[in-house]
file upload.cif (mmCIF, C-alpha atoms)
data_upload
loop_
_atom_site.group_PDB
_atom_site.id
_atom_site.type_symbol
_atom_site.label_atom_id
_atom_site.label_comp_id
_atom_site.auth_asym_id
_atom_site.auth_seq_id
_atom_site.Cartn_x
_atom_site.Cartn_y
_atom_site.Cartn_z
ATOM 1 C CA SER R 868 83.979 -17.753 100.726
ATOM 2 C CA GLY R 869 80.426 -17.302 102.028
ATOM 3 C CA SER R 870 78.901 -18.304 98.701
ATOM 4 C CA ALA R 871 80.591 -21.701 99.019
ATOM 5 C CA CYS R 872 79.251 -22.554 102.464
ATOM 6 C CA PHE R 873 76.717 -25.051 101.104
ATOM 7 C CA LEU R 874 79.490 -26.784 99.154
ATOM 8 C CA ASN R 875 81.764 -26.896 102.180
ATOM 9 C CA ALA R 876 79.021 -28.480 104.294
ATOM 10 C CA ALA R 877 78.302 -31.089 101.609
ATOM 11 C CA VAL R 878 81.952 -32.084 101.213
ATOM 12 C CA GLN R 879 82.496 -32.222 104.981
ATOM 13 C CA LEU R 880 79.583 -34.662 105.294
ATOM 14 C CA LEU R 881 80.979 -36.837 102.492
ATOM 15 C CA ARG R 882 84.476 -36.647 103.989
ATOM 16 C CA ARG R 883 83.147 -38.243 107.178
ATOM 17 C CA ALA R 884 81.873 -41.246 105.192
ATOM 18 C CA HIS R 885 85.265 -42.953 105.337
ATOM 19 C CA ILE R 886 84.181 -45.697 102.948
ATOM 20 C CA LEU R 887 84.096 -43.179 100.092
ATOM 21 C CA ARG R 888 87.822 -42.669 100.395
ATOM 22 C CA SER R 889 88.570 -46.395 100.219
ATOM 23 C CA LEU R 890 86.095 -47.001 97.372
ATOM 24 C CA LEU R 891 87.541 -44.209 95.245
ATOM 25 C CA GLU R 892 91.207 -44.689 96.098
ATOM 26 C CA ASN R 893 91.914 -47.369 93.502
ATOM 27 C CA HIS R 894 88.940 -46.843 91.211
ATOM 28 C CA GLU R 895 89.756 -46.806 87.500
ATOM 29 C CA ILE R 896 88.309 -43.308 87.140
ATOM 30 C CA ILE R 897 90.796 -42.013 89.690
ATOM 31 C CA THR R 898 93.745 -43.931 88.230
ATOM 32 C CA ASN R 899 92.985 -43.122 84.569
ATOM 33 C CA LEU R 900 96.228 -41.864 83.014
ATOM 34 C CA ILE R 901 94.385 -39.709 80.475
ATOM 35 C CA PRO R 902 91.544 -38.228 82.522
ATOM 36 C CA GLY R 903 88.676 -36.261 81.063
ATOM 37 C CA PRO R 904 86.799 -33.418 82.816
ATOM 38 C CA LYS R 905 84.708 -35.814 84.935
ATOM 39 C CA GLU R 906 87.759 -37.820 85.985
ATOM 40 C CA ARG R 907 89.702 -34.685 86.936
ATOM 41 C CA SER R 908 86.744 -33.367 88.905
ATOM 42 C CA LEU R 909 86.294 -36.673 90.723
ATOM 43 C CA ARG R 910 90.008 -36.796 91.523
ATOM 44 C CA ARG R 911 89.818 -33.392 93.170
ATOM 45 C CA LEU R 912 86.739 -34.456 95.134
ATOM 46 C CA TYR R 913 88.673 -37.523 96.286
ATOM 47 C CA GLU R 914 91.536 -35.289 97.431
ATOM 48 C CA LEU R 915 89.081 -33.198 99.446
ATOM 49 C CA ILE R 916 87.343 -36.091 101.196
ATOM 50 C CA ALA R 917 90.697 -37.787 101.841
ATOM 51 C CA LYS R 918 91.463 -35.103 104.425
ATOM 52 C CA THR R 919 91.209 -36.707 107.846
ATOM 53 C CA GLY R 920 92.465 -34.206 110.416
ATOM 54 C CA ASN R 921 90.112 -32.058 112.482
ATOM 55 C CA ASP R 922 92.297 -29.052 111.688
ATOM 56 C CA ASP R 923 91.941 -29.439 107.909
ATOM 57 C CA VAL R 924 90.298 -26.499 106.149
ATOM 58 C CA ILE R 925 88.955 -27.043 102.629
ATOM 59 C CA ASP R 926 90.192 -24.443 100.147
ATOM 60 C CA PHE R 927 87.350 -22.596 98.387
ATOM 61 C CA ARG R 928 89.260 -22.649 95.082
ATOM 62 C CA ALA R 929 89.081 -26.440 95.111
ATOM 63 C CA PHE R 930 85.278 -26.215 95.076
ATOM 64 C CA LEU R 931 85.332 -24.325 91.793
ATOM 65 C CA PHE R 932 87.292 -27.125 90.154
ATOM 66 C CA VAL R 933 85.158 -29.924 91.596
ATOM 67 C CA PHE R 934 81.748 -28.469 90.825
ATOM 68 C CA ALA R 935 82.493 -26.758 87.511
ATOM 69 C CA ASN R 936 81.369 -29.866 85.620
ATOM 70 C CA LEU R 937 78.092 -30.350 87.480
ATOM 71 C CA GLY R 938 76.234 -27.825 85.341
ATOM 72 C CA ALA R 939 76.840 -24.409 83.870
ATOM 73 C CA ASP R 940 74.619 -22.624 86.390
ATOM 74 C CA PHE R 941 75.341 -24.801 89.415
ATOM 75 C CA LEU R 942 77.613 -22.373 91.254
ATOM 76 C CA LYS R 943 75.501 -19.360 90.245
ATOM 77 C CA CYS R 944 72.155 -20.409 91.659
ATOM 78 C CA GLN R 945 72.738 -23.395 93.926
ATOM 79 C CA GLN R 946 71.914 -22.621 97.550
ATOM 80 C CA ASP R 947 70.943 -25.988 99.015
ATOM 81 C CA SER R 948 73.632 -28.186 100.544
ATOM 82 C CA ASN R 949 71.438 -31.276 100.135
ATOM 83 C CA GLU R 950 71.171 -30.666 96.406
ATOM 84 C CA ALA R 951 74.954 -30.429 96.214
ATOM 85 C CA VAL R 952 75.152 -33.909 97.766
ATOM 86 C CA ILE R 953 72.563 -35.186 95.271
ATOM 87 C CA LYS R 954 74.540 -33.673 92.383
ATOM 88 C CA ILE R 955 77.681 -35.448 93.546
ATOM 89 C CA PHE R 956 75.890 -38.802 93.688
ATOM 90 C CA GLU R 957 74.089 -38.345 90.372
ATOM 91 C CA ALA R 958 76.743 -36.656 88.245
ATOM 92 C CA MET R 959 80.101 -37.608 89.731
ATOM 93 C CA LEU R 960 80.268 -40.819 91.728
ATOM 94 C CA PRO R 961 80.475 -44.129 89.814
ATOM 95 C CA SER R 962 77.283 -46.174 90.185
ATOM 96 C CA GLU R 963 79.066 -49.010 91.977
ATOM 97 C CA VAL R 964 80.195 -46.483 94.597
ATOM 98 C CA SER R 965 76.900 -44.636 95.068
ATOM 99 C CA SER R 966 75.030 -47.966 95.278
ATOM 100 C CA ARG R 967 76.769 -48.667 98.603
ATOM 101 C CA PHE R 968 74.601 -45.883 100.059
ATOM 102 C CA SER R 969 71.338 -47.073 98.490
ATOM 103 C CA ILE R 970 68.096 -47.310 100.445
ATOM 104 C CA SER R 971 65.219 -49.430 99.097
ATOM 105 C CA THR R 972 61.650 -48.239 99.662
ATOM 106 C CA PHE R 973 58.720 -50.677 99.682
ATOM 107 C CA ARG R 974 55.054 -49.654 99.878
ATOM 108 C CA ARG R 975 51.731 -51.431 100.212
ATOM 109 C CA GLU R 976 48.076 -50.512 100.480
ATOM 110 C CA LYS R 977 45.765 -52.368 102.826
ATOM 111 C CA CYS R 978 42.438 -51.827 104.466
ATOM 112 C CA GLY R 979 42.551 -49.664 107.548
ATOM 113 C CA VAL R 980 40.104 -51.770 109.578
ATOM 114 C CA ARG R 981 42.136 -54.783 110.682
ATOM 115 C CA ASP R 982 45.801 -54.742 111.681
ATOM 116 C CA ASP R 983 46.325 -58.309 110.457
ATOM 117 C CA CYS R 984 44.982 -57.555 106.986
ATOM 118 C CA ALA R 985 47.557 -58.200 104.262
ATOM 119 C CA GLY R 986 45.471 -56.123 101.883
ATOM 120 C CA ARG R 987 46.532 -55.346 98.349
ATOM 121 C CA GLU R 988 50.298 -55.395 98.274
ATOM 122 C CA LEU R 989 52.212 -53.494 95.659
ATOM 123 C CA PRO R 990 54.966 -55.316 93.729
ATOM 124 C CA GLU R 991 57.519 -56.996 95.966
ATOM 125 C CA LEU R 992 60.353 -55.216 94.196
ATOM 126 C CA PRO R 993 61.190 -51.847 95.786
ATOM 127 C CA LEU R 994 59.426 -48.901 94.191
ATOM 128 C CA ASP R 995 62.381 -46.606 94.826
ATOM 129 C CA VAL R 996 66.085 -47.356 95.196
ATOM 130 C CA GLY R 997 68.729 -44.703 95.716
ATOM 131 C CA PRO R 998 71.030 -42.982 98.187
ATOM 132 C CA ILE R 999 68.644 -40.082 98.836
ATOM 133 C CA VAL R 1000 65.272 -40.691 100.530
ATOM 134 C CA TYR R 1001 63.892 -37.373 101.745
ATOM 135 C CA GLN R 1002 62.074 -37.184 105.067
ATOM 136 C CA TYR R 1003 59.413 -34.481 104.994
ATOM 137 C CA VAL R 1004 58.913 -32.067 107.868
ATOM 138 C CA THR R 1005 55.329 -30.950 107.259
ATOM 139 C CA THR R 1006 54.573 -28.734 110.266
ATOM 140 C CA PRO R 1007 56.625 -26.158 112.204
ATOM 141 C CA ASN R 1008 58.522 -27.596 115.189
ATOM 142 C CA GLN R 1009 57.442 -31.130 114.291
ATOM 143 C CA ILE R 1010 58.558 -34.019 116.506
ATOM 144 C CA VAL R 1011 60.008 -36.709 114.221
ATOM 145 C CA ASP R 1012 60.148 -40.372 115.224
ATOM 146 C CA LEU R 1013 62.882 -41.363 112.800
ATOM 147 C CA GLU R 1014 63.003 -44.968 114.037
ATOM 148 C CA SER R 1015 59.371 -45.462 112.978
ATOM 149 C CA ARG R 1016 59.781 -43.530 109.738
ATOM 150 C CA LEU R 1017 62.752 -45.597 108.562
ATOM 151 C CA SER R 1018 61.738 -48.969 109.919
ATOM 152 C CA ALA R 1019 62.333 -52.349 108.298
ATOM 153 C CA GLU R 1020 58.810 -53.274 109.464
ATOM 154 C CA TRP R 1021 55.615 -52.128 107.786
ATOM 155 C CA LYS R 1022 54.628 -48.735 109.228
ATOM 156 C CA GLU R 1023 52.080 -46.104 108.311
ATOM 157 C CA ASP R 1024 53.332 -43.718 105.643
ATOM 158 C CA MET R 1025 54.422 -40.665 107.652
ATOM 159 C CA ASP R 1026 55.203 -38.294 104.801
ATOM 160 C CA GLY R 1027 51.954 -36.418 105.168
ATOM 161 C CA ILE R 1028 50.259 -38.151 102.222
ATOM 162 C CA VAL R 1029 46.528 -38.320 102.888
ATOM 163 C CA ASN R 1030 44.619 -40.857 100.827
ATOM 164 C CA GLU R 1031 40.926 -41.308 101.593
ATOM 165 C CA GLU R 1032 40.304 -43.791 98.785
ATOM 166 C CA GLU R 1033 38.373 -46.886 99.787
ATOM 167 C CA ILE R 1034 38.987 -50.444 98.608
ATOM 168 C CA HIS R 1035 37.139 -53.735 98.793
ATOM 169 C CA CYS R 1036 39.028 -55.920 101.243
ATOM 170 C CA ALA R 1037 38.468 -59.658 100.802
ATOM 171 C CA PHE R 1038 40.002 -60.292 104.222
ATOM 172 C CA CYS R 1039 37.376 -58.198 106.021
ATOM 173 C CA CYS R 1040 34.458 -59.182 103.771
ATOM 174 C CA GLU R 1041 32.318 -61.985 105.250
ATOM 175 C CA CYS R 1042 31.289 -63.158 101.783
ATOM 176 C CA CYS R 1043 34.866 -63.420 100.544
ATOM 177 C CA SER R 1044 36.096 -65.059 103.730
ATOM 178 C CA LYS R 1045 33.434 -67.779 103.488
ATOM 179 C CA SER R 1046 34.012 -68.404 99.780
ATOM 180 C CA PRO R 1047 37.610 -67.454 99.058
ATOM 181 C CA ALA R 1048 37.426 -68.929 95.549
ATOM 182 C CA HIS R 1049 34.649 -66.620 94.368
ATOM 183 C CA ILE R 1050 35.411 -63.581 92.244
ATOM 184 C CA ALA R 1051 34.604 -60.482 94.236
ATOM 185 C CA GLU R 1052 34.252 -58.274 91.159
ATOM 186 C CA SER R 1053 31.240 -60.310 89.991
ATOM 187 C CA CYS R 1054 29.658 -60.421 93.445
ATOM 188 C CA ASN R 1055 27.533 -57.763 95.119
ATOM 189 C CA CYS R 1056 29.910 -57.838 98.066
ATOM 190 C CA PHE R 1057 32.402 -55.906 95.953
ATOM 191 C CA GLU R 1058 30.385 -52.784 96.757
ATOM 192 C CA GLU R 1059 31.460 -53.056 100.398
ATOM 193 C CA LYS R 1060 34.441 -50.788 100.946
ATOM 194 C CA CYS R 1061 37.064 -50.264 103.633
ATOM 195 C CA THR R 1062 39.242 -47.225 104.187
ATOM 196 C CA LYS R 1063 42.612 -47.735 102.566
ATOM 197 C CA SER R 1064 45.806 -47.451 104.594
ATOM 198 C CA ARG R 1065 49.188 -46.798 102.989
ATOM 199 C CA GLN R 1066 52.246 -48.378 104.585
ATOM 200 C CA GLN R 1067 55.939 -48.442 103.817
ATOM 201 C CA ARG R 1068 59.146 -50.111 104.925
ATOM 202 C CA PHE R 1069 62.810 -49.614 104.096
ATOM 203 C CA ALA R 1070 65.890 -51.763 103.601
ATOM 204 C CA VAL R 1071 69.603 -51.298 102.986
ATOM 205 C CA GLY R 1072 72.168 -53.708 101.593
ATOM 206 C CA GLU R 1073 74.055 -56.075 103.860
ATOM 207 C CA ASP R 1074 77.295 -54.278 102.973
ATOM 208 C CA ALA R 1075 75.908 -50.801 103.732
ATOM 209 C CA GLU R 1076 78.137 -48.971 106.209
ATOM 210 C CA TYR R 1077 76.761 -45.440 105.824
ATOM 211 C CA VAL R 1078 73.423 -43.881 104.880
ATOM 212 C CA ILE R 1079 72.512 -40.257 104.220
ATOM 213 C CA VAL R 1080 69.101 -39.074 105.448
ATOM 214 C CA PRO R 1081 68.098 -35.615 104.138
ATOM 215 C CA PHE R 1082 65.159 -33.597 105.449
ATOM 216 C CA SER R 1083 62.840 -31.370 103.429
ATOM 217 C CA ILE R 1084 62.279 -28.322 105.654
ATOM 218 C CA ARG R 1085 61.693 -25.530 103.115
ATOM 219 C CA HIS R 1086 58.061 -24.595 102.520
ATOM 220 C CA VAL R 1087 55.988 -21.762 101.086
ATOM 221 C CA HIS R 1088 55.601 -20.147 104.499
ATOM 222 C CA GLY R 1089 59.239 -20.538 105.505
ATOM 223 C CA ARG R 1090 61.619 -23.055 107.033
ATOM 224 C CA TYR R 1091 60.023 -25.690 109.277
ATOM 225 C CA ASP R 1092 62.285 -26.618 112.169
ATOM 226 C CA TRP R 1093 61.972 -29.947 113.946
ATOM 227 C CA ALA R 1094 63.197 -32.187 116.745
ATOM 228 C CA LEU R 1095 63.914 -35.886 117.216
ATOM 229 C CA ARG R 1096 61.540 -37.781 119.485
ATOM 230 C CA GLU R 1097 63.007 -38.848 122.829
ATOM 231 C CA ASN R 1098 63.336 -42.491 121.712
ATOM 232 C CA CYS R 1099 65.701 -41.455 118.886
ATOM 233 C CA ASN R 1100 69.245 -41.180 120.216
ATOM 234 C CA LEU R 1101 71.748 -39.857 117.691
ATOM 235 C CA ASP R 1102 74.481 -41.964 119.299
ATOM 236 C CA SER R 1103 72.474 -45.182 118.952
ATOM 237 C CA ILE R 1104 69.380 -45.360 116.767
ATOM 238 C CA ARG R 1105 67.692 -48.286 115.011
ATOM 239 C CA LEU R 1106 66.951 -47.659 111.336
ATOM 240 C CA PHE R 1107 66.285 -50.148 108.522
ATOM 241 C CA GLY R 1108 66.411 -52.949 111.097
ATOM 242 C CA LYS R 1109 70.030 -52.133 112.036
ATOM 243 C CA ALA R 1110 71.831 -50.056 114.681
ATOM 244 C CA TRP R 1111 73.410 -46.751 113.599
ATOM 245 C CA SER R 1112 74.987 -43.638 115.058
ATOM 246 C CA ALA R 1113 75.033 -40.127 113.586
ATOM 247 C CA VAL R 1114 78.498 -38.982 112.485
ATOM 248 C CA ALA R 1115 77.771 -35.873 110.382
ATOM 249 C CA ILE R 1116 75.059 -33.221 110.251
ATOM 250 C CA ILE R 1117 74.361 -30.341 107.842
ATOM 251 C CA LYS R 1118 72.666 -27.332 109.407
ATOM 252 C CA HIS R 1119 71.157 -24.219 107.810
ATOM 253 C CA ILE R 1120 71.344 -20.947 109.719
ATOM 254 C CA GLY R 1121 69.057 -18.136 108.605
ATOM 255 C CA ALA R 1122 65.751 -18.006 106.734
ATOM 256 C CA ALA R 1123 64.483 -20.140 103.864
ATOM 257 C CA GLY R 1124 61.352 -20.826 101.857
ATOM 258 C CA GLU R 1125 60.216 -23.199 99.149
ATOM 259 C CA ASN R 1126 62.225 -21.535 96.376
ATOM 260 C CA TRP R 1127 64.573 -19.227 98.245
ATOM 261 C CA SER R 1128 67.205 -19.356 100.936
ATOM 262 C CA TYR R 1129 69.191 -16.760 102.869
ATOM 263 C CA GLY R 1130 71.807 -17.411 105.468
ATOM 264 C CA HIS R 1131 74.576 -19.903 105.940
ATOM 265 C CA TYR R 1132 75.332 -23.646 105.939
ATOM 266 C CA VAL R 1133 77.671 -25.368 108.391
ATOM 267 C CA ALA R 1134 78.558 -28.999 109.035
ATOM 268 C CA TYR R 1135 79.109 -30.916 112.255
ATOM 269 C CA THR R 1136 81.097 -34.149 112.220
ATOM 270 C CA LYS R 1137 81.780 -36.720 114.902
ATOM 271 C CA GLU R 1138 85.379 -37.795 114.437
ATOM 272 C CA ASP R 1139 87.250 -40.871 115.629
ATOM 273 C CA ASP R 1140 88.203 -39.031 118.835
ATOM 274 C CA GLY R 1141 84.518 -39.097 119.870
ATOM 275 C CA GLN R 1142 84.215 -35.312 119.637
ATOM 276 C CA TRP R 1143 81.724 -33.383 117.520
ATOM 277 C CA TRP R 1144 83.422 -30.684 115.425
ATOM 278 C CA LEU R 1145 81.914 -27.582 113.823
ATOM 279 C CA HIS R 1146 83.085 -26.868 110.250
ATOM 280 C CA ASP R 1147 82.296 -23.292 109.220
ATOM 281 C CA ASP R 1148 83.790 -22.379 105.833
ATOM 282 C CA ASP R 1149 87.505 -21.572 106.117
ATOM 283 C CA LYS R 1150 87.484 -21.125 109.894
ATOM 284 C CA GLU R 1151 89.390 -23.557 112.068
ATOM 285 C CA PRO R 1152 87.114 -26.471 113.118
ATOM 286 C CA GLN R 1153 85.893 -26.184 116.713
ATOM 287 C CA SER R 1154 84.954 -28.973 119.109
ATOM 288 C CA ILE R 1155 81.465 -28.730 120.629
ATOM 289 C CA GLY R 1156 81.824 -31.761 122.912
ATOM 290 C CA THR R 1157 80.906 -35.419 122.778
ATOM 291 C CA SER R 1158 77.249 -34.958 121.796
ATOM 292 C CA TYR R 1159 75.235 -32.905 119.334
ATOM 293 C CA SER R 1160 72.904 -31.044 121.685
ATOM 294 C CA LEU R 1161 72.565 -27.554 120.232
ATOM 295 C CA ARG R 1162 69.461 -25.670 121.300
ATOM 296 C CA GLY R 1163 67.517 -23.379 118.997
ATOM 297 C CA CYS R 1164 64.937 -20.735 119.761
ATOM 298 C CA TYR R 1165 62.065 -23.208 120.289
ATOM 299 C CA SER R 1166 61.686 -25.094 123.556
ATOM 300 C CA TYR R 1167 61.057 -28.840 123.226
ATOM 301 C CA SER R 1168 60.227 -31.381 125.914
ATOM 302 C CA ARG R 1169 62.979 -33.050 127.884
ATOM 303 C CA GLY R 1170 64.607 -35.887 125.963
ATOM 304 C CA GLU R 1171 63.782 -34.496 122.526
ATOM 305 C CA THR R 1172 66.781 -33.412 120.437
ATOM 306 C CA ASP R 1173 66.475 -29.960 118.875
ATOM 307 C CA MET R 1174 67.362 -30.231 115.159
ATOM 308 C CA GLU R 1175 66.717 -26.616 114.193
ATOM 309 C CA GLY R 1176 67.824 -25.999 110.610
ATOM 310 C CA VAL R 1177 69.158 -29.549 110.149
ATOM 311 C CA THR R 1178 68.812 -30.641 106.521
ATOM 312 C CA ALA R 1179 70.822 -33.887 106.442
ATOM 313 C CA ILE R 1180 72.306 -36.528 108.741
ATOM 314 C CA LEU R 1181 74.980 -39.089 107.878
ATOM 315 C CA PHE R 1182 74.641 -42.320 109.863
ATOM 316 C CA GLN R 1183 77.346 -44.952 110.320
ATOM 317 C CA LYS R 1184 76.453 -48.569 111.077
ATOM 318 C CA GLN R 1185 77.506 -49.670 114.541
#

call {"tool": "encode", "arguments": {"input": "upload.cif", "output": "structure tokens"}}
result
Amino acid sequence: SGSACFLNAAVQLLRRAHILRSLLENHEIITNLIPGPKERSLRRLYELIAKTGNDDVIDFRAFLFVFANLGADFLKCQQDSNEAVIKIFEAMLPSEVSSRFSISTFRREKCGVRDDCAGRELPELPLDVGPIVYQYVTTPNQIVDLESRLSAEWKEDMDGIVNEEEIHCAFCCECCSKSPAHIAESCNCFEEKCTKSRQQRFAVGEDAEYVIVPFSIRHVHGRYDWALRENCNLDSIRLFGKAWSAVAIIKHIGAAGENWSYGHYVAYTKEDDGQWWLHDDDKEPQSIGTSYSLRGCYSYSRGETDMEGVTAILFQKQ
């Protein structure tokens, strides 16, 4: 069942999001007496994520039934566990279910001279809303401050987007500050420019209990591994202005590039007994202890958490 490892890891992560089971249990799609292909596929997915014991092994044959309706070539060419999760959210889960995992992204552009400059804000409505907001690992062995990246406060855009465009900032301009009613475009002061800074902030719904944070680690030159900064504790981390703890992780073992991947996917889940469990295809789950502290081949500073090969984390609200 090696070819199904990425599917197994995806389903194990979703299984740990207990709210999915309760949301789907009595949903009309599940209870439909005359189900179509999508309903039958969703029912089987529900049966898989309804497994709760640490000794449960997911049957590979069940994957074929669940994912057969996600696209004719899905099982032939799919190699990314994250994309399997995306497919489930986009093609299988009812919108009212997937919306419980939604993350809203807000962005603004301001001058980079003064911290208190409100600058030119983009529309107040979120530019992006959805359950999947990729975090980009842009350099090998990068140290990621996830609390700053996914903050409810305005923070610098950390996705490696460099924008050297300059703007006229009325807040910094002496002419505009003295005569706020004047039209800058018709004044010579409009030629004065400031470096533009791009900022972003994130929000989740008040009823959000789980969020999925995937990481883009595949690049032209290979897989970029990474680590969490020492201030980011998987057992208690502040994201989106709320406290969370990691309860499931998808990890890639092997080599990968921008458009190719070799190796294996496994999942780690933190169950209600407080133990982290390794799920590796049809092998019996194994406990690795009360913390996720696996070390890769790269040596990080003390306090930083090695996340070698990690492509997704499921967080549960505390």

call {"tool": "residues_around", "arguments": {"input": "upload.cif", "residues": "Trp1021 in chain R", "least_positions_apart": "4", "cutoff": "10 Å", "atoms": "only C-alpha atoms", "output": "PyMOL selection string"}}
result
chain R and resi 973-975+1015-1017+1065-1069

call {"tool": "residues_around", "arguments": {"input": "upload.cif", "residues": "Pro998 in chain R", "least_positions_apart": "2", "cutoff": "6 Å", "atoms": "only C-alpha atoms", "output": "list of chain:residue names"}}
result
R:Phe968, R:Ser969, R:Ile970

call {"tool": "resolve_selection", "arguments": {"input": "upload.cif", "expression": "the PyMOL selection byres ((chain R and resi 1120) around 10)", "output": "PyMOL selection string"}}
result
chain R and resi 1118-1119+1121-1123+1128-1133+1175-1177

call {"tool": "closest_residue", "arguments": {"input": "upload.cif", "among": "R:Leu909, R:Ala917, R:Leu880, R:Ala1075", "to": "Ile1116 in chain R", "atoms": "only C-alpha atoms"}}
result
R:Leu880

call {"tool": "atom_distance", "arguments": {"input": "upload.cif", "atom1": "CA of Asp1147 in chain R", "atom2": "CA of Gln1002 in chain R"}}
result
24.9 Å

call {"tool": "resolve_selection", "arguments": {"input": "upload.cif", "expression": "the PyMOL selection byres ((chain R and resi 999) around 10)", "output": "list in words"}}
result
Asn949, Val952, Ile953, Phe956, Phe968, Ser969, Ile970, Ser971, Asp995, Val996, Gly997, Pro998, Val1000, Tyr1001, Gln1002, Val1078, Ile1079, Val1080, Pro1081 and Phe1082 of chain R

call {"tool": "write_last_selection", "arguments": {"input": "upload.cif", "atoms": "C-alpha atoms", "output": "PDB file, in the frame of the given file"}}
result
ATOM      1  CA  ASN R 949      71.438 -31.276 100.135  1.00  0.00           C
ATOM      2  CA  VAL R 952      75.152 -33.909  97.766  1.00  0.00           C
ATOM      3  CA  ILE R 953      72.563 -35.186  95.271  1.00  0.00           C
ATOM      4  CA  PHE R 956      75.890 -38.802  93.688  1.00  0.00           C
ATOM      5  CA  PHE R 968      74.601 -45.883 100.059  1.00  0.00           C
ATOM      6  CA  SER R 969      71.338 -47.073  98.490  1.00  0.00           C
ATOM      7  CA  ILE R 970      68.096 -47.310 100.445  1.00  0.00           C
ATOM      8  CA  SER R 971      65.219 -49.430  99.097  1.00  0.00           C
ATOM      9  CA  ASP R 995      62.381 -46.606  94.826  1.00  0.00           C
ATOM     10  CA  VAL R 996      66.085 -47.356  95.196  1.00  0.00           C
ATOM     11  CA  GLY R 997      68.729 -44.703  95.716  1.00  0.00           C
ATOM     12  CA  PRO R 998      71.030 -42.982  98.187  1.00  0.00           C
ATOM     13  CA  VAL R1000      65.272 -40.691 100.530  1.00  0.00           C
ATOM     14  CA  TYR R1001      63.892 -37.373 101.745  1.00  0.00           C
ATOM     15  CA  GLN R1002      62.074 -37.184 105.067  1.00  0.00           C
ATOM     16  CA  VAL R1078      73.423 -43.881 104.880  1.00  0.00           C
ATOM     17  CA  ILE R1079      72.512 -40.257 104.220  1.00  0.00           C
ATOM     18  CA  VAL R1080      69.101 -39.074 105.448  1.00  0.00           C
ATOM     19  CA  PRO R1081      68.098 -35.615 104.138  1.00  0.00           C
ATOM     20  CA  PHE R1082      65.159 -33.597 105.449  1.00  0.00           C
TER      21      PHE R1082
END

call {"tool": "closest_residue", "arguments": {"input": "upload.cif", "among": "R:Asn1100, R:Gln1142, R:Thr1157, R:Ser1166", "to": "Val1011 in chain R", "atoms": "only C-alpha atoms"}}
result
R:Asn1100
